[in-house]
$ cat run.tsv   # TSV, C-alpha atoms
chain	number	residue	atom	x	y	z
A	169	MET	CA	43.58	46.23	11.06
A	170	GLU	CA	46.44	43.94	10.08
A	171	PRO	CA	47.56	41.46	12.78
A	172	ALA	CA	51.18	42.65	12.60
A	173	LEU	CA	50.13	46.25	13.25
A	174	CYS	CA	47.88	45.20	16.13
A	175	LEU	CA	50.73	43.23	17.68
A	176	GLU	CA	53.15	46.17	17.38
A	177	LEU	CA	50.68	48.59	19.00
A	178	LYS	CA	49.88	46.15	21.83
A	179	THR	CA	53.60	45.61	22.45
A	180	ILE	CA	54.19	49.35	22.80
A	181	VAL	CA	51.20	49.73	25.15
A	182	LYS	CA	52.47	46.87	27.30
A	183	ALA	CA	55.96	48.38	27.49
A	184	LEU	CA	54.54	51.77	28.50
A	185	SER	CA	52.20	50.26	31.11
A	186	ILE	CA	54.68	48.34	33.26
A	187	PRO	CA	53.39	48.31	36.87
A	188	GLY	CA	55.21	50.82	39.05
A	189	LYS	CA	56.32	52.97	36.14
A	190	GLY	CA	54.88	56.02	34.42
A	191	ILE	CA	55.36	58.39	31.52
A	192	LEU	CA	57.37	61.57	32.02
A	193	ALA	CA	55.60	64.48	30.34
A	194	ALA	CA	58.33	66.79	29.06
A	195	ASP	CA	56.21	68.22	26.28
A	196	GLU	CA	55.59	71.78	27.47
A	197	SER	CA	55.69	74.27	24.64
A	198	PRO	CA	58.20	77.16	24.73
A	199	ALA	CA	55.30	79.48	25.63
A	200	SER	CA	54.22	77.22	28.50
A	201	LEU	CA	57.71	77.33	30.00
A	202	GLU	CA	57.78	81.14	30.06
A	203	GLU	CA	56.19	81.51	33.51
A	204	ARG	CA	58.10	78.61	35.01
A	205	PHE	CA	61.44	80.06	33.96
A	206	LEU	CA	60.36	83.55	35.01
A	207	ASN	CA	59.78	82.31	38.55
A	208	MET	CA	63.37	81.01	38.57
A	209	ASN	CA	64.78	84.21	37.04
A	210	LEU	CA	65.78	82.34	33.90
A	211	GLU	CA	65.52	83.61	30.35
A	212	ASN	CA	63.28	81.46	28.17
A	213	THR	CA	65.65	80.63	25.34
A	214	GLU	CA	66.20	77.53	23.23
A	215	ILE	CA	69.42	76.82	25.15
A	216	THR	CA	67.69	77.15	28.53
A	217	ARG	CA	64.92	74.83	27.41
A	218	ARG	CA	67.48	72.33	26.14
A	219	ASP	CA	69.35	72.39	29.46
A	220	TYR	CA	66.09	71.90	31.34
A	221	ARG	CA	65.14	68.85	29.26
A	222	GLU	CA	68.67	67.45	29.51
A	223	MET	CA	68.58	67.76	33.29
A	224	LEU	CA	65.36	65.71	33.37
A	225	ILE	CA	66.64	62.78	31.33
A	226	SER	CA	70.35	62.69	32.19
A	227	THR	CA	69.93	61.36	35.72
A	228	GLU	CA	71.54	58.01	36.34
A	229	GLU	CA	70.16	55.44	33.90
A	230	ALA	CA	69.22	52.94	36.58
A	231	GLU	CA	67.31	55.53	38.61
A	232	LEU	CA	65.37	56.90	35.64
A	233	SER	CA	64.42	53.53	34.21
A	234	GLN	CA	63.26	52.34	37.62
A	235	TYR	CA	60.28	54.68	37.49
A	236	ILE	CA	59.91	55.89	33.89
A	237	SER	CA	58.75	53.78	30.93
A	238	GLY	CA	58.32	56.57	28.38
A	239	ILE	CA	59.14	60.24	27.85
A	240	LEU	CA	56.84	62.58	25.99
A	241	PHE	CA	58.71	65.25	24.02
A	242	HIS	CA	57.74	68.53	22.42
A	243	HIS	CA	58.64	68.85	18.72
A	244	GLU	CA	61.45	71.27	19.55
A	245	THR	CA	63.11	68.89	22.00
A	246	LEU	CA	62.87	65.91	19.67
A	247	TYR	CA	65.17	67.60	17.17
A	248	GLN	CA	67.45	69.37	19.63
A	249	LYS	CA	70.91	68.17	20.61
A	250	THR	CA	72.25	67.84	24.14
A	251	SER	CA	75.15	69.90	25.42
A	252	LYS	CA	77.36	67.04	24.22
A	253	ASP	CA	76.06	67.45	20.65
A	254	GLU	CA	73.91	64.32	20.72
A	255	GLN	CA	70.26	64.29	19.72
A	256	PHE	CA	67.88	63.62	22.60
A	257	ILE	CA	66.25	60.77	20.72
A	258	GLU	CA	69.64	59.11	20.21
A	259	PHE	CA	70.44	59.53	23.89
A	260	LEU	CA	67.31	57.58	24.82
A	261	ARG	CA	67.83	55.00	22.08
A	262	GLU	CA	71.27	54.20	23.48
A	263	GLN	CA	69.75	53.52	26.88
A	264	ASN	CA	67.23	51.18	25.20
A	265	ILE	CA	64.96	51.31	28.23
A	266	ILE	CA	62.78	54.37	27.84
A	267	ILE	CA	60.34	54.80	24.96
A	268	PRO	CA	60.23	58.22	23.27
A	269	GLY	CA	56.89	59.85	22.43
A	270	ILE	CA	55.73	63.14	20.92
A	271	LYS	CA	52.92	65.62	21.52
A	272	VAL	CA	51.14	66.11	18.18
A	273	ASP	CA	48.24	68.49	18.79
A	274	LYS	CA	48.73	72.15	17.93
A	275	GLY	CA	46.76	73.78	20.71
A	276	LEU	CA	43.25	75.08	21.19
A	277	VAL	CA	41.07	77.28	19.01
A	278	HIS	CA	37.57	78.61	19.64
A	279	LEU	CA	34.67	76.41	18.57
A	280	PHE	CA	32.36	78.78	16.73
A	281	GLY	CA	28.78	78.74	17.94
A	282	THR	CA	29.62	77.88	21.55
A	283	GLU	CA	29.99	79.89	24.76
A	284	GLY	CA	33.78	80.10	24.71
A	285	GLU	CA	34.41	76.39	24.22
A	286	ASN	CA	37.44	75.09	22.32
A	287	VAL	CA	38.55	72.40	19.92
A	288	THR	CA	42.07	71.15	19.33
A	289	GLN	CA	43.79	71.77	16.02
A	290	GLY	CA	46.48	69.77	14.22
A	291	LEU	CA	44.73	67.14	12.09
A	292	ASP	CA	45.52	68.66	8.68
A	293	ASP	CA	49.10	67.39	8.41
A	294	LEU	CA	48.99	64.81	11.19
A	295	LYS	CA	49.49	61.73	9.00
A	296	ALA	CA	52.68	63.11	7.43
A	297	ARG	CA	54.03	64.22	10.80
A	298	CYS	CA	53.28	60.84	12.39
A	299	ILE	CA	55.07	58.95	9.62
A	300	GLN	CA	58.12	61.16	10.09
A	301	TYR	CA	58.04	60.90	13.89
A	302	LYS	CA	57.94	57.10	13.63
A	303	LYS	CA	60.95	57.16	11.31
A	304	ASP	CA	62.75	59.41	13.79
A	305	GLY	CA	62.26	56.99	16.67
A	306	CYS	CA	58.97	57.87	18.39
A	307	HIS	CA	56.52	55.14	19.36
A	308	PHE	CA	53.61	56.98	20.99
A	309	THR	CA	51.82	60.33	20.79
A	310	LYS	CA	49.52	62.55	22.83
A	311	TRP	CA	46.54	64.71	21.89
A	312	ARG	CA	44.61	66.83	24.42
A	313	CYS	CA	41.05	68.10	24.23
A	314	VAL	CA	39.59	70.24	27.02
A	315	PHE	CA	36.11	70.64	28.44
A	316	THR	CA	34.72	73.37	30.69
A	317	ILE	CA	31.93	72.80	33.20
A	318	SER	CA	29.30	75.41	34.02
A	319	ASP	CA	25.51	75.53	34.20
A	320	ASN	CA	25.32	75.21	30.39
A	321	LEU	CA	28.65	73.58	29.59
A	322	PRO	CA	30.02	71.44	28.16
A	323	SER	CA	27.67	71.66	25.21
A	324	HIS	CA	26.66	68.59	23.25
A	325	MET	CA	28.36	70.09	20.20
A	326	ALA	CA	31.67	70.52	22.02
A	327	ILE	CA	31.58	66.95	23.32
A	328	GLU	CA	30.72	65.48	19.92
A	329	THR	CA	33.24	67.60	18.02
A	330	ASN	CA	36.15	66.89	20.36
A	331	CYS	CA	35.38	63.18	20.54
A	332	HIS	CA	35.38	62.97	16.74
A	333	LEU	CA	38.75	64.75	16.74
A	334	LEU	CA	40.16	62.30	19.27
A	335	ALA	CA	38.93	59.35	17.22
A	336	ARG	CA	40.40	60.69	13.98
A	337	TYR	CA	43.67	61.43	15.76
A	338	ALA	CA	43.77	57.90	17.18
A	339	THR	CA	43.20	56.17	13.84
A	340	ILE	CA	45.78	58.34	12.06
A	341	CYS	CA	48.42	57.60	14.69
A	342	GLN	CA	47.67	53.88	14.69
A	343	SER	CA	47.96	53.76	10.91
A	344	ALA	CA	51.47	55.21	11.32
A	345	ARG	CA	52.35	52.55	13.94
A	346	LEU	CA	52.19	54.99	16.85
A	347	VAL	CA	50.23	54.40	20.05
A	348	PRO	CA	47.93	57.37	20.74
A	349	ILE	CA	47.46	58.69	24.26
A	350	VAL	CA	43.90	60.02	24.30
A	351	GLU	CA	43.35	62.87	26.77
A	352	PRO	CA	39.85	64.28	27.30
A	353	GLU	CA	40.69	66.80	30.03
A	354	ILE	CA	38.09	68.47	32.23
A	355	LEU	CA	39.23	71.87	33.48
A	356	THR	CA	38.86	72.51	37.21
A	357	ASP	CA	37.95	76.17	36.69
A	358	GLY	CA	34.51	76.98	38.11
A	359	ASN	CA	32.23	76.21	41.03
A	360	HIS	CA	30.77	72.90	39.87
A	361	SER	CA	30.30	70.02	42.29
A	362	ILE	CA	32.20	66.77	42.20
A	363	GLU	CA	28.91	65.04	41.30
A	364	LYS	CA	28.49	67.30	38.25
A	365	CYS	CA	32.07	66.52	37.20
A	366	GLN	CA	31.34	62.79	37.44
A	367	LEU	CA	28.25	63.08	35.25
A	368	VAL	CA	30.12	65.14	32.65
A	369	LEU	CA	33.04	62.69	32.53
A	370	GLU	CA	30.65	59.76	32.13
A	371	GLU	CA	28.97	61.49	29.20
A	372	ILE	CA	32.30	62.35	27.57
A	373	LEU	CA	33.71	58.82	27.89
A	374	SER	CA	30.47	57.21	26.74
A	375	THR	CA	30.41	59.46	23.66
A	376	LEU	CA	34.11	58.94	23.04
A	377	PHE	CA	34.03	55.15	22.98
A	378	HIS	CA	30.85	55.13	20.92
A	379	ILE	CA	32.65	57.24	18.30
A	380	PHE	CA	35.79	55.09	18.62
A	381	HIS	CA	33.64	52.15	17.53
A	382	LYS	CA	32.42	54.08	14.49
A	383	TYR	CA	36.00	54.89	13.47
A	384	ASN	CA	37.26	51.34	14.08
A	385	VAL	CA	39.81	52.51	16.62
A	386	TYR	CA	41.84	49.57	17.87
A	387	LEU	CA	41.18	49.90	21.61
A	388	GLU	CA	43.99	47.57	22.73
A	389	GLY	CA	46.35	49.93	20.89
A	390	ILE	CA	45.52	53.16	22.72
A	391	ILE	CA	46.22	54.61	26.16
A	392	LEU	CA	43.42	56.60	27.80
A	393	LYS	CA	44.44	59.47	30.05
A	394	PRO	CA	41.14	60.16	31.86
A	395	ALA	CA	40.36	63.34	33.72
A	396	MET	CA	40.16	63.26	37.51
A	397	VAL	CA	36.71	63.68	39.04
A	398	LEU	CA	37.09	66.85	41.09
A	399	PRO	CA	34.94	69.78	42.20
A	400	GLY	CA	35.61	73.17	40.64
A	401	ASN	CA	38.38	75.22	42.20
A	402	LYS	CA	35.87	77.89	43.22
A	403	THR	CA	33.53	75.48	44.96
A	404	GLU	CA	32.95	76.12	48.64
A	405	ILE	CA	33.75	72.92	50.45
A	406	ARG	CA	31.73	72.63	53.63
A	407	SER	CA	33.19	70.66	56.49
A	408	PRO	CA	30.84	68.16	58.12
A	409	LYS	CA	29.29	69.27	61.41
A	410	ILE	CA	30.88	67.55	64.38
A	411	SER	CA	29.02	67.16	67.65
A	412	PHE	CA	30.97	66.86	70.87
A	413	ILE	CA	29.37	65.07	73.78
$ encode --input "run.tsv" --output "structure tokens"
Amino acid sequence: MEPALCLELKTIVKALSIPGKGILAADESPASLEERFLNMNLENTEITRRDYREMLISTEEAELSQYISGILFHHETLYQKTSKDEQFIEFLREQNIIIPGIKVDKGLVHLFGTEGENVTQGLDDLKARCIQYKKDGCHFTKWRCVFTISDNLPSHMAIETNCHLLARYATICQSARLVPIVEPEILTDGNHSIEKCQLVLEEILSTLFHIFHKYNVYLEGIILKPAMVLPGNKTEIRSPKISFI
């Protein structure tokens, strides 16, 4: 990878990783916001979604920048305009303190030959979309793969396939001068133990970085969003026995 590209990616990573700050994920799809708005008795329309996003980022500049280094947008939001007829990306650019990013995966589809496991789609036109997003002011991206734990899952095929997808996604984004956030998420559905979750995450990350090496992913130019090591949400948690003297 060219030194200038490496430097640009490292600079973006450093700016996003300032101690005490984090990335605001405002990348929910219109479908994902349906239930949230329903609970507030709001109609899920483009205008409602715009107002919701605007509320998040229009707090006082000093307060927002104190805690937020980057904002992750959905495609719809990136090209929307605020109530004052200003594009969201321009609004952030004027503040010159918060880095815009974009979610680039296109959701989950079934991985044929597995017991209900999924892969993430969106690679086909990713290079063209990344080039355009960079031109339009974005500097980082996010791609999410999911893994389910059970007695037989995740399968080796699901781990290998999703890790290859994450590696291809990462190299495509880096070639377009965008920092990829890599998210191998482990779902909490199920009754697996916290120890099983740890073993699965170790296998996923080991496989992922092995494949990163094969694809020549520039590691200093990515951000890893690791899954939390947690027991399944249906696991019976037993309290320790306490003896009173």
$ closest_residue --input "run.tsv" --among "A:Leu398, A:Cys298, A:Ala183, A:Val287" --to "Glu363 of chain A" --atoms "only C-alpha atoms"
A:Leu398
$ residues_near_point --input "run.tsv" --point "(42.4, 69.3, 17.6)" --cutoff "8 Å" --atoms "only C-alpha atoms" --output "ChimeraX atom specification"
/A:273-276,287-291,311-313,330,333-334
$ closest_atom_pairs --input "run.tsv" --of "segment 274-346 of chain A" --to "segment 250-270 of chain A" --cutoff "7 Å" --atoms "only C-alpha atoms" --output "JSON lines"
{"residue": "A:Gly305", "atom": "CA", "partner": "A:Ile257", "partner_atom": "CA", "distance": 6.8}
{"residue": "A:Cys306", "atom": "CA", "partner": "A:Gly269", "partner_atom": "CA", "distance": 5.0}
{"residue": "A:His307", "atom": "CA", "partner": "A:Gly269", "partner_atom": "CA", "distance": 5.6}
{"residue": "A:Phe308", "atom": "CA", "partner": "A:Gly269", "partner_atom": "CA", "distance": 4.6}
{"residue": "A:Thr309", "atom": "CA", "partner": "A:Ile270", "partner_atom": "CA", "distance": 4.8}
{"residue": "A:Lys310", "atom": "CA", "partner": "A:Ile270", "partner_atom": "CA", "distance": 6.5}
$ residues_around --input "run.tsv" --residues "segment 169-174 of chain A" --least-positions-apart "3" --cutoff "7 Å" --atoms "only C-alpha atoms" --output "JSON, numbers by chain"
{"A": [177, 178, 345, 389]}
$ closest_residue --input "run.tsv" --among "A:His324, A:Val314, A:Glu283, A:Ile391" --to "Ile191 of chain A" --atoms "all atoms listed in the file"
A:Ile391
$ atom_distance --input "run.tsv" --atom1 "atom CA of His242 of chain A" --atom2 "atom CA of Val385 of chain A"
24.7 Å
$ residues_around --input "run.tsv" --residues "segment 215-217 of chain A" --least-positions-apart "4" --cutoff "10 Å" --atoms "only C-alpha atoms" --output "count of residues only"
17
$ atom_distance --input "run.tsv" --atom1 "atom CA of Thr316 of chain A" --atom2 "atom CA of Leu279 of chain A"
12.5 Å
$ atom_distance --input "run.tsv" --atom1 "atom CA of Thr329 of chain A" --atom2 "atom CA of Asn286 of chain A"
9.6 Å
$ decode --input "run.tsv" --residues "segment 277-313 of chain A" --atoms "N, CA and C atoms" --output "PDB file, in the first residue's frame"
ATOM      1  N   VAL A 277     -28.403 -12.171   4.454  1.00  0.00           N
ATOM      2  CA  VAL A 277     -29.107 -13.172   3.656  1.00  0.00           C
ATOM      3  C   VAL A 277     -28.665 -14.548   4.153  1.00  0.00           C
ATOM      4  N   HIS A 278     -29.507 -15.542   3.915  1.00  0.00           N
ATOM      5  CA  HIS A 278     -29.224 -16.893   4.384  1.00  0.00           C
ATOM      6  C   HIS A 278     -28.012 -17.480   3.671  1.00  0.00           C
ATOM      7  N   LEU A 279     -27.157 -18.147   4.439  1.00  0.00           N
ATOM      8  CA  LEU A 279     -26.008 -18.852   3.881  1.00  0.00           C
ATOM      9  C   LEU A 279     -26.425 -20.290   3.588  1.00  0.00           C
ATOM     10  N   PHE A 280     -26.605 -20.585   2.316  1.00  0.00           N
ATOM     11  CA  PHE A 280     -27.099 -21.901   1.920  1.00  0.00           C
ATOM     12  C   PHE A 280     -26.178 -23.005   2.422  1.00  0.00           C
ATOM     13  N   GLY A 281     -26.793 -24.080   2.920  1.00  0.00           N
ATOM     14  CA  GLY A 281     -26.017 -25.200   3.422  1.00  0.00           C
ATOM     15  C   GLY A 281     -25.734 -25.145   4.909  1.00  0.00           C
ATOM     16  N   THR A 282     -26.294 -24.129   5.592  1.00  0.00           N
ATOM     17  CA  THR A 282     -26.099 -24.002   7.033  1.00  0.00           C
ATOM     18  C   THR A 282     -27.442 -24.075   7.745  1.00  0.00           C
ATOM     19  N   GLU A 283     -27.394 -24.210   9.060  1.00  0.00           N
ATOM     20  CA  GLU A 283     -28.601 -24.283   9.881  1.00  0.00           C
ATOM     21  C   GLU A 283     -29.082 -22.873  10.242  1.00  0.00           C
ATOM     22  N   GLY A 284     -29.550 -22.148   9.243  1.00  0.00           N
ATOM     23  CA  GLY A 284     -30.106 -20.821   9.487  1.00  0.00           C
ATOM     24  C   GLY A 284     -29.084 -19.724   9.691  1.00  0.00           C
ATOM     25  N   GLU A 285     -27.837 -19.955   9.314  1.00  0.00           N
ATOM     26  CA  GLU A 285     -26.818 -18.921   9.475  1.00  0.00           C
ATOM     27  C   GLU A 285     -26.863 -17.941   8.307  1.00  0.00           C
ATOM     28  N   ASN A 286     -26.266 -16.770   8.514  1.00  0.00           N
ATOM     29  CA  ASN A 286     -26.356 -15.688   7.530  1.00  0.00           C
ATOM     30  C   ASN A 286     -24.990 -15.190   7.086  1.00  0.00           C
ATOM     31  N   VAL A 287     -25.001 -14.552   5.918  1.00  0.00           N
ATOM     32  CA  VAL A 287     -23.866 -13.759   5.454  1.00  0.00           C
ATOM     33  C   VAL A 287     -24.385 -12.368   5.137  1.00  0.00           C
ATOM     34  N   THR A 288     -23.463 -11.429   5.039  1.00  0.00           N
ATOM     35  CA  THR A 288     -23.838 -10.041   4.756  1.00  0.00           C
ATOM     36  C   THR A 288     -23.609  -9.744   3.286  1.00  0.00           C
ATOM     37  N   GLN A 289     -24.584  -9.066   2.673  1.00  0.00           N
ATOM     38  CA  GLN A 289     -24.477  -8.748   1.256  1.00  0.00           C
ATOM     39  C   GLN A 289     -24.088  -7.286   1.054  1.00  0.00           C
ATOM     40  N   GLY A 290     -23.608  -6.966  -0.155  1.00  0.00           N
ATOM     41  CA  GLY A 290     -23.268  -5.578  -0.466  1.00  0.00           C
ATOM     42  C   GLY A 290     -21.930  -5.385  -1.144  1.00  0.00           C
ATOM     43  N   LEU A 291     -21.206  -6.480  -1.441  1.00  0.00           N
ATOM     44  CA  LEU A 291     -19.886  -6.338  -2.041  1.00  0.00           C
ATOM     45  C   LEU A 291     -19.924  -5.960  -3.520  1.00  0.00           C
ATOM     46  N   ASP A 292     -20.991  -6.340  -4.223  1.00  0.00           N
ATOM     47  CA  ASP A 292     -21.010  -6.236  -5.686  1.00  0.00           C
ATOM     48  C   ASP A 292     -20.664  -4.837  -6.193  1.00  0.00           C
ATOM     49  N   ASP A 293     -21.270  -3.819  -5.609  1.00  0.00           N
ATOM     50  CA  ASP A 293     -21.035  -2.448  -6.077  1.00  0.00           C
ATOM     51  C   ASP A 293     -20.319  -1.609  -5.023  1.00  0.00           C
ATOM     52  N   LEU A 294     -19.653  -2.281  -4.088  1.00  0.00           N
ATOM     53  CA  LEU A 294     -19.068  -1.558  -2.958  1.00  0.00           C
ATOM     54  C   LEU A 294     -17.992  -0.573  -3.389  1.00  0.00           C
ATOM     55  N   LYS A 295     -17.127  -0.948  -4.315  1.00  0.00           N
ATOM     56  CA  LYS A 295     -16.036  -0.050  -4.720  1.00  0.00           C
ATOM     57  C   LYS A 295     -16.584   1.259  -5.263  1.00  0.00           C
ATOM     58  N   ALA A 296     -17.591   1.180  -6.147  1.00  0.00           N
ATOM     59  CA  ALA A 296     -18.162   2.394  -6.730  1.00  0.00           C
ATOM     60  C   ALA A 296     -18.836   3.250  -5.661  1.00  0.00           C
ATOM     61  N   ARG A 297     -19.533   2.597  -4.739  1.00  0.00           N
ATOM     62  CA  ARG A 297     -20.203   3.352  -3.684  1.00  0.00           C
ATOM     63  C   ARG A 297     -19.184   4.026  -2.767  1.00  0.00           C
ATOM     64  N   CYS A 298     -18.098   3.324  -2.451  1.00  0.00           N
ATOM     65  CA  CYS A 298     -17.076   3.898  -1.568  1.00  0.00           C
ATOM     66  C   CYS A 298     -16.410   5.114  -2.205  1.00  0.00           C
ATOM     67  N   ILE A 299     -16.113   5.025  -3.484  1.00  0.00           N
ATOM     68  CA  ILE A 299     -15.508   6.162  -4.186  1.00  0.00           C
ATOM     69  C   ILE A 299     -16.428   7.377  -4.117  1.00  0.00           C
ATOM     70  N   GLN A 300     -17.720   7.136  -4.328  1.00  0.00           N
ATOM     71  CA  GLN A 300     -18.685   8.240  -4.289  1.00  0.00           C
ATOM     72  C   GLN A 300     -18.837   8.790  -2.873  1.00  0.00           C
ATOM     73  N   TYR A 301     -18.895   7.902  -1.886  1.00  0.00           N
ATOM     74  CA  TYR A 301     -19.026   8.365  -0.501  1.00  0.00           C
ATOM     75  C   TYR A 301     -17.830   9.215  -0.084  1.00  0.00           C
ATOM     76  N   LYS A 302     -16.638   8.831  -0.529  1.00  0.00           N
ATOM     77  CA  LYS A 302     -15.446   9.622  -0.211  1.00  0.00           C
ATOM     78  C   LYS A 302     -15.548  11.004  -0.855  1.00  0.00           C
ATOM     79  N   LYS A 303     -15.999  11.057  -2.091  1.00  0.00           N
ATOM     80  CA  LYS A 303     -16.171  12.347  -2.762  1.00  0.00           C
ATOM     81  C   LYS A 303     -17.183  13.219  -2.036  1.00  0.00           C
ATOM     82  N   ASP A 304     -18.191  12.555  -1.442  1.00  0.00           N
ATOM     83  CA  ASP A 304     -19.270  13.292  -0.783  1.00  0.00           C
ATOM     84  C   ASP A 304     -18.971  13.620   0.673  1.00  0.00           C
ATOM     85  N   GLY A 305     -17.756  13.309   1.132  1.00  0.00           N
ATOM     86  CA  GLY A 305     -17.329  13.782   2.448  1.00  0.00           C
ATOM     87  C   GLY A 305     -17.197  12.756   3.544  1.00  0.00           C
ATOM     88  N   CYS A 306     -17.443  11.479   3.261  1.00  0.00           N
ATOM     89  CA  CYS A 306     -17.279  10.447   4.293  1.00  0.00           C
ATOM     90  C   CYS A 306     -15.817  10.030   4.409  1.00  0.00           C
ATOM     91  N   HIS A 307     -15.450   9.571   5.617  1.00  0.00           N
ATOM     92  CA  HIS A 307     -14.068   9.151   5.838  1.00  0.00           C
ATOM     93  C   HIS A 307     -13.949   7.774   6.491  1.00  0.00           C
ATOM     94  N   PHE A 308     -15.068   7.184   6.888  1.00  0.00           N
ATOM     95  CA  PHE A 308     -15.016   5.825   7.427  1.00  0.00           C
ATOM     96  C   PHE A 308     -16.330   5.106   7.118  1.00  0.00           C
ATOM     97  N   THR A 309     -16.310   3.783   7.248  1.00  0.00           N
ATOM     98  CA  THR A 309     -17.461   2.960   6.907  1.00  0.00           C
ATOM     99  C   THR A 309     -17.672   1.907   7.987  1.00  0.00           C
ATOM    100  N   LYS A 310     -18.798   1.198   7.889  1.00  0.00           N
ATOM    101  CA  LYS A 310     -19.042   0.076   8.800  1.00  0.00           C
ATOM    102  C   LYS A 310     -19.703  -1.068   8.041  1.00  0.00           C
ATOM    103  N   TRP A 311     -19.293  -2.280   8.392  1.00  0.00           N
ATOM    104  CA  TRP A 311     -19.859  -3.505   7.814  1.00  0.00           C
ATOM    105  C   TRP A 311     -20.041  -4.495   8.957  1.00  0.00           C
ATOM    106  N   ARG A 312     -21.219  -5.101   9.053  1.00  0.00           N
ATOM    107  CA  ARG A 312     -21.551  -5.986  10.171  1.00  0.00           C
ATOM    108  C   ARG A 312     -21.832  -7.397   9.677  1.00  0.00           C
ATOM    109  N   CYS A 313     -21.147  -8.361  10.288  1.00  0.00           N
ATOM    110  CA  CYS A 313     -21.468  -9.773  10.108  1.00  0.00           C
ATOM    111  C   CYS A 313     -21.947 -10.316  11.450  1.00  0.00           C
TER     112      CYS A 313
END
